[in-house]
Amino acid sequence: MRVAFGTDERTPVSDAVAEGLRRRGLVVEELAVGEPWPLVGRRVGEAVAGGRAEMGVVLCHTGTGVAMAAGKVPGVPAALCV
C-alpha cells in the first residue's frame, strides 16, 4: 500500500511514524516535509483523492490543522487521531 506522508516539521516523532509505516511494509511517499501545515494537508489530500496513494498521514504540532486542510480536499475524509 502506498501512503502519502506530510509534516510541517521534521521531528523525532514524524521520523518514527514514517519509519513505523515502512517497517509494516508500506511504501511511504513524503510529499510535504517542512512546509506550512495548510500546504501539507492539501498535498497529501490531493494525492489520496487523485489515486496516487491509498492512504495519507499528516502531522503538525496538534494535528488539528493538517487534518482540517486534508479534509477540505473533495473526496477525502480526514480525522484527528492520537
# chains A, B, ... in the order shown; residues from 1 in each chain; ligands from 1

call {"tool": "select_by_dssp", "arguments": {"residues": "range 4-48 of chain A", "states": "strand (DSSP E)", "output": "ChimeraX atom specification"}}
result
/A:4-7,27-33

call {"tool": "write_last_selection", "arguments": {"atoms": "all heavy atoms", "output": "mmCIF file, in the first residue's frame"}}
result
data_model
loop_
_atom_site.group_PDB
_atom_site.id
_atom_site.type_symbol
_atom_site.label_atom_id
_atom_site.label_comp_id
_atom_site.auth_asym_id
_atom_site.auth_seq_id
_atom_site.Cartn_x
_atom_site.Cartn_y
_atom_site.Cartn_z
ATOM 1 N N ALA A 4 0.730 8.469 1.358
ATOM 2 C CA ALA A 4 1.200 9.846 1.193
ATOM 3 C C ALA A 4 1.461 10.397 2.592
ATOM 4 O O ALA A 4 0.613 10.273 3.479
ATOM 5 C CB ALA A 4 0.145 10.674 0.472
ATOM 6 N N PHE A 5 2.622 10.970 2.795
ATOM 7 C CA PHE A 5 3.032 11.409 4.133
ATOM 8 C C PHE A 5 3.447 12.871 4.086
ATOM 9 O O PHE A 5 4.124 13.303 3.156
ATOM 10 C CB PHE A 5 4.211 10.556 4.607
ATOM 11 C CG PHE A 5 4.703 10.891 5.979
ATOM 12 C CD1 PHE A 5 4.097 10.348 7.089
ATOM 13 C CD2 PHE A 5 5.767 11.758 6.157
ATOM 14 C CE1 PHE A 5 4.551 10.655 8.370
ATOM 15 C CE2 PHE A 5 6.231 12.073 7.425
ATOM 16 C CZ PHE A 5 5.616 11.512 8.533
ATOM 17 N N GLY A 6 3.031 13.616 5.092
ATOM 18 C CA GLY A 6 3.455 15.008 5.173
ATOM 19 C C GLY A 6 3.489 15.494 6.609
ATOM 20 O O GLY A 6 2.727 15.036 7.454
ATOM 21 N N THR A 7 4.396 16.416 6.865
ATOM 22 C CA THR A 7 4.518 17.012 8.186
ATOM 23 C C THR A 7 5.047 18.430 8.036
ATOM 24 O O THR A 7 5.842 18.701 7.140
ATOM 25 C CB THR A 7 5.444 16.189 9.103
ATOM 26 O OG1 THR A 7 5.531 16.820 10.386
ATOM 27 C CG2 THR A 7 6.828 16.008 8.518
ATOM 28 N N VAL A 27 4.670 1.549 1.503
ATOM 29 C CA VAL A 27 5.519 2.448 0.729
ATOM 30 C C VAL A 27 5.145 3.871 1.128
ATOM 31 O O VAL A 27 4.007 4.294 0.921
ATOM 32 C CB VAL A 27 5.307 2.245 -0.788
ATOM 33 C CG1 VAL A 27 6.127 3.252 -1.578
ATOM 34 C CG2 VAL A 27 5.646 0.829 -1.177
ATOM 35 N N VAL A 28 6.082 4.590 1.720
ATOM 36 C CA VAL A 28 5.822 5.942 2.218
ATOM 37 C C VAL A 28 6.405 6.948 1.243
ATOM 38 O O VAL A 28 7.614 6.964 1.002
ATOM 39 C CB VAL A 28 6.425 6.140 3.631
ATOM 40 C CG1 VAL A 28 6.210 7.566 4.106
ATOM 41 C CG2 VAL A 28 5.826 5.140 4.602
ATOM 42 N N GLU A 29 5.536 7.772 0.688
ATOM 43 C CA GLU A 29 5.967 8.840 -0.207
ATOM 44 C C GLU A 29 5.853 10.157 0.553
ATOM 45 O O GLU A 29 4.754 10.603 0.879
ATOM 46 C CB GLU A 29 5.100 8.879 -1.457
ATOM 47 C CG GLU A 29 5.548 9.937 -2.433
ATOM 48 C CD GLU A 29 4.702 9.984 -3.683
ATOM 49 O OE1 GLU A 29 3.853 9.100 -3.882
ATOM 50 O OE2 GLU A 29 4.892 10.931 -4.454
ATOM 51 N N GLU A 30 6.994 10.744 0.868
ATOM 52 C CA GLU A 30 6.999 12.012 1.596
ATOM 53 C C GLU A 30 6.737 13.136 0.607
ATOM 54 O O GLU A 30 7.576 13.461 -0.227
ATOM 55 C CB GLU A 30 8.328 12.194 2.319
ATOM 56 C CG GLU A 30 8.526 11.181 3.424
ATOM 57 C CD GLU A 30 9.773 11.431 4.260
ATOM 58 O OE1 GLU A 30 10.456 12.440 4.050
ATOM 59 O OE2 GLU A 30 10.040 10.589 5.125
ATOM 60 N N LEU A 31 5.555 13.734 0.700
ATOM 61 C CA LEU A 31 5.138 14.754 -0.253
ATOM 62 C C LEU A 31 5.411 16.168 0.224
ATOM 63 O O LEU A 31 5.664 17.049 -0.591
ATOM 64 C CB LEU A 31 3.635 14.615 -0.534
ATOM 65 C CG LEU A 31 3.207 13.308 -1.165
ATOM 66 C CD1 LEU A 31 1.703 13.301 -1.361
ATOM 67 C CD2 LEU A 31 3.907 13.108 -2.487
ATOM 68 N N ALA A 32 5.289 16.395 1.488
ATOM 69 C CA ALA A 32 5.463 17.743 2.025
ATOM 70 C C ALA A 32 6.079 17.616 3.410
ATOM 71 O O ALA A 32 5.408 17.218 4.352
ATOM 72 C CB ALA A 32 4.126 18.477 2.090
ATOM 73 N N VAL A 33 7.342 17.934 3.509
ATOM 74 C CA VAL A 33 8.037 17.879 4.795
ATOM 75 C C VAL A 33 8.664 19.246 5.021
ATOM 76 O O VAL A 33 9.408 19.750 4.182
ATOM 77 C CB VAL A 33 9.112 16.774 4.814
ATOM 78 C CG1 VAL A 33 9.897 16.805 6.106
ATOM 79 C CG2 VAL A 33 8.468 15.408 4.616
#

call {"tool": "select_by_dssp", "arguments": {"residues": "chain A", "states": "helix (DSSP H, G or I)", "output": "number ranges by chain"}}
result
A: 12-23, 37-49, 64-71

call {"tool": "write_last_selection", "arguments": {"atoms": "N, CA, C and O atoms", "output": "compact mmCIF listing (two decimals), in the first residue's frame"}}
result
# COMPACT_ATOMS: atom_id res chain seq x y z
N PRO A 12 11.63 13.96 15.72
CA PRO A 12 11.79 12.54 16.03
C PRO A 12 10.47 11.77 15.94
O PRO A 12 10.45 10.62 15.51
N VAL A 13 9.37 12.41 16.29
CA VAL A 13 8.06 11.74 16.21
C VAL A 13 7.68 11.50 14.75
O VAL A 13 7.26 10.39 14.39
N SER A 14 7.80 12.53 13.90
CA SER A 14 7.43 12.33 12.49
C SER A 14 8.33 11.28 11.84
O SER A 14 7.85 10.46 11.05
N ASP A 15 9.61 11.30 12.16
CA ASP A 15 10.51 10.28 11.62
C ASP A 15 10.12 8.88 12.09
O ASP A 15 10.15 7.92 11.32
N ALA A 16 9.73 8.76 13.36
CA ALA A 16 9.33 7.46 13.91
C ALA A 16 8.04 6.96 13.26
O ALA A 16 7.90 5.76 12.99
N VAL A 17 7.10 7.86 13.00
CA VAL A 17 5.85 7.46 12.35
C VAL A 17 6.14 6.95 10.94
O VAL A 17 5.66 5.87 10.55
N ALA A 18 6.91 7.70 10.17
CA ALA A 18 7.23 7.28 8.80
C ALA A 18 7.98 5.94 8.81
O ALA A 18 7.68 5.04 8.01
N GLU A 19 8.94 5.81 9.70
CA GLU A 19 9.70 4.56 9.77
C GLU A 19 8.82 3.39 10.21
O GLU A 19 8.95 2.27 9.71
N GLY A 20 7.91 3.63 11.15
CA GLY A 20 6.99 2.59 11.58
C GLY A 20 6.10 2.10 10.45
O GLY A 20 5.84 0.89 10.33
N LEU A 21 5.65 3.01 9.60
CA LEU A 21 4.86 2.62 8.43
C LEU A 21 5.69 1.77 7.48
O LEU A 21 5.23 0.75 6.97
N ARG A 22 6.93 2.18 7.27
CA ARG A 22 7.83 1.41 6.37
C ARG A 22 8.09 0.01 6.93
O ARG A 22 8.12 -0.96 6.18
N ARG A 23 8.30 -0.08 8.23
CA ARG A 23 8.56 -1.38 8.85
C ARG A 23 7.37 -2.33 8.67
O ARG A 23 7.54 -3.55 8.68
N TRP A 37 1.58 23.97 7.37
CA TRP A 37 0.59 22.91 7.57
C TRP A 37 -0.58 22.94 6.58
O TRP A 37 -1.05 21.88 6.18
N PRO A 38 -1.07 24.12 6.12
CA PRO A 38 -2.16 24.05 5.14
C PRO A 38 -1.73 23.38 3.83
O PRO A 38 -2.49 22.62 3.22
N LEU A 39 -0.50 23.63 3.42
CA LEU A 39 0.03 23.02 2.21
C LEU A 39 0.24 21.52 2.40
O LEU A 39 -0.04 20.72 1.50
N VAL A 40 0.71 21.12 3.56
CA VAL A 40 0.91 19.69 3.87
C VAL A 40 -0.42 18.95 3.73
O VAL A 40 -0.51 17.93 3.05
N GLY A 41 -1.45 19.47 4.38
CA GLY A 41 -2.76 18.82 4.32
C GLY A 41 -3.30 18.75 2.91
O GLY A 41 -3.82 17.71 2.48
N ARG A 42 -3.17 19.83 2.15
CA ARG A 42 -3.68 19.85 0.79
C ARG A 42 -2.93 18.87 -0.11
O ARG A 42 -3.54 18.10 -0.85
N ARG A 43 -1.60 18.88 -0.05
CA ARG A 43 -0.81 17.98 -0.92
C ARG A 43 -1.10 16.51 -0.64
O ARG A 43 -1.25 15.71 -1.56
N VAL A 44 -1.16 16.15 0.62
CA VAL A 44 -1.44 14.75 0.97
C VAL A 44 -2.88 14.40 0.59
O VAL A 44 -3.13 13.34 0.00
N GLY A 45 -3.82 15.29 0.87
CA GLY A 45 -5.22 15.05 0.49
C GLY A 45 -5.38 14.88 -1.01
O GLY A 45 -6.10 13.99 -1.48
N GLU A 46 -4.71 15.72 -1.80
CA GLU A 46 -4.80 15.62 -3.25
C GLU A 46 -4.20 14.32 -3.76
O GLU A 46 -4.69 13.74 -4.73
N ALA A 47 -3.14 13.84 -3.11
CA ALA A 47 -2.53 12.57 -3.52
C ALA A 47 -3.51 11.42 -3.30
O ALA A 47 -3.62 10.52 -4.13
N VAL A 48 -4.22 11.44 -2.18
CA VAL A 48 -5.21 10.40 -1.90
C VAL A 48 -6.39 10.52 -2.85
O VAL A 48 -6.81 9.53 -3.47
N ALA A 49 -6.92 11.72 -3.01
CA ALA A 49 -8.07 11.93 -3.89
C ALA A 49 -7.74 11.59 -5.33
O ALA A 49 -8.59 11.07 -6.07
N THR A 64 -4.54 19.06 14.36
CA THR A 64 -5.85 19.59 14.00
C THR A 64 -5.83 20.30 12.66
O THR A 64 -6.67 20.05 11.79
N GLY A 65 -4.87 21.20 12.46
CA GLY A 65 -4.81 21.99 11.23
C GLY A 65 -4.64 21.15 9.99
O GLY A 65 -5.35 21.34 9.00
N VAL A 66 -3.69 20.22 10.02
CA VAL A 66 -3.45 19.41 8.81
C VAL A 66 -4.63 18.49 8.53
O VAL A 66 -4.96 18.25 7.37
N ALA A 67 -5.29 17.98 9.56
CA ALA A 67 -6.47 17.14 9.35
C ALA A 67 -7.58 17.96 8.70
O ALA A 67 -8.27 17.48 7.79
N MET A 68 -7.77 19.19 9.16
CA MET A 68 -8.80 20.05 8.57
C MET A 68 -8.45 20.37 7.12
O MET A 68 -9.32 20.35 6.24
N ALA A 69 -7.19 20.68 6.85
CA ALA A 69 -6.77 21.02 5.49
C ALA A 69 -6.93 19.82 4.55
O ALA A 69 -7.42 19.97 3.43
N ALA A 70 -6.54 18.65 5.00
CA ALA A 70 -6.69 17.45 4.17
C ALA A 70 -8.16 17.15 3.93
O ALA A 70 -8.56 16.78 2.82
N GLY A 71 -8.98 17.32 4.95
CA GLY A 71 -10.42 17.04 4.84
C GLY A 71 -11.16 17.99 3.93
O GLY A 71 -12.27 17.69 3.49

call {"tool": "atom_distance", "arguments": {"atom1": "CA of Arg52 in chain A", "atom2": "CA of Pro36 in chain A"}}
result
21.4 Å

call {"tool": "atom_distance", "arguments": {"atom1": "CA of Met55 in chain A", "atom2": "CA of Val3 in chain A"}}
result
4.9 Å

call {"tool": "closest_residue", "arguments": {"among": "A:Ala78, A:Glu35, A:Glu9, A:Gly25", "to": "Val57 in chain A", "atoms": "only C-alpha atoms"}}
result
A:Ala78

call {"tool": "closest_residue", "arguments": {"among": "A:Arg2, A:Leu26, A:Val73, A:Ala79", "to": "Val58 in chain A", "atoms": "only C-alpha atoms"}}
result
A:Ala79

call {"tool": "atom_distance", "arguments": {"atom1": "CA of Glu54 in chain A", "atom2": "CA of Cys81 in chain A"}}
result
17.6 Å

call {"tool": "closest_residue", "arguments": {"among": "A:Arg24, A:Met1, A:Lys72, A:Pro77", "to": "Ala53 in chain A", "atoms": "only C-alpha atoms"}}
result
A:Met1

call {"tool": "decode", "arguments": {"residues": "range 2-51 of chain A", "atoms": "N, CA and C atoms", "output": "CSV table (one decimal), in the first residue's frame"}}
result
chain,number,residue,atom,x,y,z
A,2,ARG,N,0.5,2.2,-0.8
A,2,ARG,CA,1.2,3.5,-0.9
A,2,ARG,C,0.6,4.5,0.1
A,3,VAL,N,1.4,5.1,0.9
A,3,VAL,CA,1.0,6.1,1.9
A,3,VAL,C,1.6,7.5,1.5
A,4,ALA,N,0.7,8.5,1.4
A,4,ALA,CA,1.2,9.8,1.2
A,4,ALA,C,1.5,10.4,2.6
A,5,PHE,N,2.6,11.0,2.8
A,5,PHE,CA,3.0,11.4,4.1
A,5,PHE,C,3.4,12.9,4.1
A,6,GLY,N,3.0,13.6,5.1
A,6,GLY,CA,3.5,15.0,5.2
A,6,GLY,C,3.5,15.5,6.6
A,7,THR,N,4.4,16.4,6.9
A,7,THR,CA,4.5,17.0,8.2
A,7,THR,C,5.0,18.4,8.0
A,8,ASP,N,4.6,19.3,8.9
A,8,ASP,CA,5.1,20.7,8.8
A,8,ASP,C,6.4,20.9,9.4
A,9,GLU,N,6.9,19.9,10.2
A,9,GLU,CA,8.2,20.0,10.8
A,9,GLU,C,8.7,18.6,11.0
A,10,ARG,N,9.9,18.3,10.5
A,10,ARG,CA,10.6,17.0,10.7
A,10,ARG,C,11.0,17.0,12.2
A,11,THR,N,10.5,16.0,12.9
A,11,THR,CA,10.8,15.8,14.3
A,11,THR,C,11.1,14.3,14.6
A,12,PRO,N,11.6,14.0,15.7
A,12,PRO,CA,11.8,12.5,16.0
A,12,PRO,C,10.5,11.8,15.9
A,13,VAL,N,9.4,12.4,16.3
A,13,VAL,CA,8.1,11.7,16.2
A,13,VAL,C,7.7,11.5,14.8
A,14,SER,N,7.8,12.5,13.9
A,14,SER,CA,7.4,12.3,12.5
A,14,SER,C,8.3,11.3,11.8
A,15,ASP,N,9.6,11.3,12.2
A,15,ASP,CA,10.5,10.3,11.6
A,15,ASP,C,10.1,8.9,12.1
A,16,ALA,N,9.7,8.8,13.4
A,16,ALA,CA,9.3,7.5,13.9
A,16,ALA,C,8.0,7.0,13.3
A,17,VAL,N,7.1,7.9,13.0
A,17,VAL,CA,5.9,7.5,12.3
A,17,VAL,C,6.1,6.9,10.9
A,18,ALA,N,6.9,7.7,10.2
A,18,ALA,CA,7.2,7.3,8.8
A,18,ALA,C,8.0,5.9,8.8
A,19,GLU,N,8.9,5.8,9.7
A,19,GLU,CA,9.7,4.6,9.8
A,19,GLU,C,8.8,3.4,10.2
A,20,GLY,N,7.9,3.6,11.1
A,20,GLY,CA,7.0,2.6,11.6
A,20,GLY,C,6.1,2.1,10.4
A,21,LEU,N,5.7,3.0,9.6
A,21,LEU,CA,4.9,2.6,8.4
A,21,LEU,C,5.7,1.8,7.5
A,22,ARG,N,6.9,2.2,7.3
A,22,ARG,CA,7.8,1.4,6.4
A,22,ARG,C,8.1,0.0,6.9
A,23,ARG,N,8.3,-0.1,8.2
A,23,ARG,CA,8.6,-1.4,8.8
A,23,ARG,C,7.4,-2.3,8.7
A,24,ARG,N,6.2,-1.8,8.5
A,24,ARG,CA,5.0,-2.6,8.3
A,24,ARG,C,4.8,-2.9,6.8
A,25,GLY,N,5.8,-2.6,6.0
A,25,GLY,CA,5.7,-2.9,4.6
A,25,GLY,C,5.0,-1.9,3.7
A,26,LEU,N,4.7,-0.8,4.2
A,26,LEU,CA,4.0,0.2,3.4
A,26,LEU,C,5.0,1.1,2.7
A,27,VAL,N,4.7,1.5,1.5
A,27,VAL,CA,5.5,2.4,0.7
A,27,VAL,C,5.1,3.9,1.1
A,28,VAL,N,6.1,4.6,1.7
A,28,VAL,CA,5.8,5.9,2.2
A,28,VAL,C,6.4,6.9,1.2
A,29,GLU,N,5.5,7.8,0.7
A,29,GLU,CA,6.0,8.8,-0.2
A,29,GLU,C,5.9,10.2,0.6
A,30,GLU,N,7.0,10.7,0.9
A,30,GLU,CA,7.0,12.0,1.6
A,30,GLU,C,6.7,13.1,0.6
A,31,LEU,N,5.6,13.7,0.7
A,31,LEU,CA,5.1,14.8,-0.3
A,31,LEU,C,5.4,16.2,0.2
A,32,ALA,N,5.3,16.4,1.5
A,32,ALA,CA,5.5,17.7,2.0
A,32,ALA,C,6.1,17.6,3.4
A,33,VAL,N,7.3,17.9,3.5
A,33,VAL,CA,8.0,17.9,4.8
A,33,VAL,C,8.7,19.2,5.0
A,34,GLY,N,8.3,19.9,6.2
A,34,GLY,CA,8.9,21.2,6.4
A,34,GLY,C,8.1,22.3,5.8
A,35,GLU,N,6.9,22.0,5.2
A,35,GLU,CA,6.1,23.0,4.6
A,35,GLU,C,5.0,23.5,5.6
A,36,PRO,N,4.4,24.7,5.3
A,36,PRO,CA,3.3,25.1,6.1
A,36,PRO,C,2.2,24.1,6.2
A,37,TRP,N,1.6,24.0,7.4
A,37,TRP,CA,0.6,22.9,7.6
A,37,TRP,C,-0.6,22.9,6.6
A,38,PRO,N,-1.1,24.1,6.1
A,38,PRO,CA,-2.2,24.1,5.1
A,38,PRO,C,-1.7,23.4,3.8
A,39,LEU,N,-0.5,23.6,3.4
A,39,LEU,CA,0.0,23.0,2.2
A,39,LEU,C,0.2,21.5,2.4
A,40,VAL,N,0.7,21.1,3.6
A,40,VAL,CA,0.9,19.7,3.9
A,40,VAL,C,-0.4,19.0,3.7
A,41,GLY,N,-1.5,19.5,4.4
A,41,GLY,CA,-2.8,18.8,4.3
A,41,GLY,C,-3.3,18.7,2.9
A,42,ARG,N,-3.2,19.8,2.2
A,42,ARG,CA,-3.7,19.8,0.8
A,42,ARG,C,-2.9,18.9,-0.1
A,43,ARG,N,-1.6,18.9,0.0
A,43,ARG,CA,-0.8,18.0,-0.9
A,43,ARG,C,-1.1,16.5,-0.6
A,44,VAL,N,-1.2,16.2,0.6
A,44,VAL,CA,-1.4,14.8,1.0
A,44,VAL,C,-2.9,14.4,0.6
A,45,GLY,N,-3.8,15.3,0.9
A,45,GLY,CA,-5.2,15.1,0.5
A,45,GLY,C,-5.4,14.9,-1.0
A,46,GLU,N,-4.7,15.7,-1.8
A,46,GLU,CA,-4.8,15.6,-3.2
A,46,GLU,C,-4.2,14.3,-3.8
A,47,ALA,N,-3.1,13.8,-3.1
A,47,ALA,CA,-2.5,12.6,-3.5
A,47,ALA,C,-3.5,11.4,-3.3
A,48,VAL,N,-4.2,11.4,-2.2
A,48,VAL,CA,-5.2,10.4,-1.9
A,48,VAL,C,-6.4,10.5,-2.9
A,49,ALA,N,-6.9,11.7,-3.0
A,49,ALA,CA,-8.1,11.9,-3.9
A,49,ALA,C,-7.7,11.6,-5.3
A,50,GLY,N,-6.5,11.8,-5.7
A,50,GLY,CA,-6.1,11.6,-7.1
A,50,GLY,C,-5.7,10.1,-7.4
A,51,GLY,N,-5.7,9.3,-6.3
A,51,GLY,CA,-5.3,7.9,-6.5
A,51,GLY,C,-3.9,7.6,-6.5
